[in-house]
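Okay, structure first, notes after.
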Amino acid sequence: MKISSLLIALPLLACLPCFASDAAPQRVIPTVTRTVQQFSKLENDWLDAVQKRDMDAIDKLVANDFELRTSAAPGRPTPRAESLKQSFGLAPFQSHIEQMATHEFGNVIIVSFLWTIDSTKEGTAAQKIFVVDTWKQNQDGWQVVVRYASTVAADTRNPPGADPAEPAIKKKI
């Protein structure tokens, strides 16, 4: 009797995880890599240095031959001095970085992220900007050499070759 009851109960017990997974879907949380942590700090240090007009910190983080390239004028890079002048001309503002990704290529790291500016008093800065920064390692540490920036517009169509679907592989903690 005990064996037959056990044989009936085993298939039912095997189905319990199926019922439980329907009731409580598993959350997927992306893993933050060491490189994302490191460059989140560097990007935020750069933002803080600009807000504080701290030229010593900027000189440490931003290469002398730095240039800013934008989608509005892709063939006309903005040199370091002009980019800093424009940045210093804005009143201090709050912003945050999200959706960061990093790609390592030896002594070069490509960092991309969505930069959201909460507001500026003049309202002259874009509110959402997709940024790609190229950082290069030298004897003193990491310096940003090129920034590519494009405002995130209402046109949400994808460029040719982009897959609009979410990635199939999700990182779990």
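Letters A, B, ... mark the chains of the structure tokens in the order given; residue numbers begin at 1 per chain; ligand numbers begin at 1, in order shown.
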
DSSP on the backbone, strand (DSSP E or B) only: what residues of region 18-146 of chain A does that give? Format it as number ranges by chain. A: 62-70, 73-79, 94-105, 108-119, 128-138, 141-146

Do you know which residues are at most 7 Å from Gln127 (chain A) counting only C-alpha atoms, after dropping those on the same chain fewer than 3 positions away, and could you put them as a count of residues only? 3

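Closest approach to Gly89 (chain A) among A:Arg147, A:Arg34, A:Lys136, A:Arg53 is made by A:Arg53 (distances from only C-alpha atoms).
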
For Asn64 (chain A): contacts at 10 Å, only C-alpha atoms, fewer than 3 positions along chain excluded, given as number ranges by chain: A: 58-61, 67, 79-81, 143-145

Include C-alpha atoms and write out the residues we just selected as a PDB file, in the first residue's frame.
```
ATOM      1  CA  ILE A  58      39.133  67.636 -15.662  1.00  0.00           C
ATOM      2  CA  ASP A  59      42.802  67.647 -16.739  1.00  0.00           C
ATOM      3  CA  LYS A  60      43.209  64.244 -15.087  1.00  0.00           C
ATOM      4  CA  LEU A  61      40.121  62.751 -16.787  1.00  0.00           C
ATOM      5  CA  GLU A  67      36.894  65.952 -29.107  1.00  0.00           C
ATOM      6  CA  PRO A  79      37.563  70.426 -29.578  1.00  0.00           C
ATOM      7  CA  ARG A  80      38.205  70.119 -25.842  1.00  0.00           C
ATOM      8  CA  ALA A  81      38.462  73.853 -25.099  1.00  0.00           C
ATOM      9  CA  GLN A 143      41.400  59.589 -19.919  1.00  0.00           C
ATOM     10  CA  VAL A 144      38.460  60.118 -22.242  1.00  0.00           C
ATOM     11  CA  VAL A 145      39.652  60.935 -25.770  1.00  0.00           C
TER      12      VAL A 145
END
```

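With only C-alpha atoms taken into account, the protein and nucleic acid residues at most 12 Å from Ala49 (chain A) (excluding it and anything under 6 positions from it in its own chain) are Leu42, Glu43, Met55, Asp56, Ala57, Ile58, Asp59, Lys60, Leu61, Val62, Leu84, Ser87, Phe88 and Pro92 of chain A.
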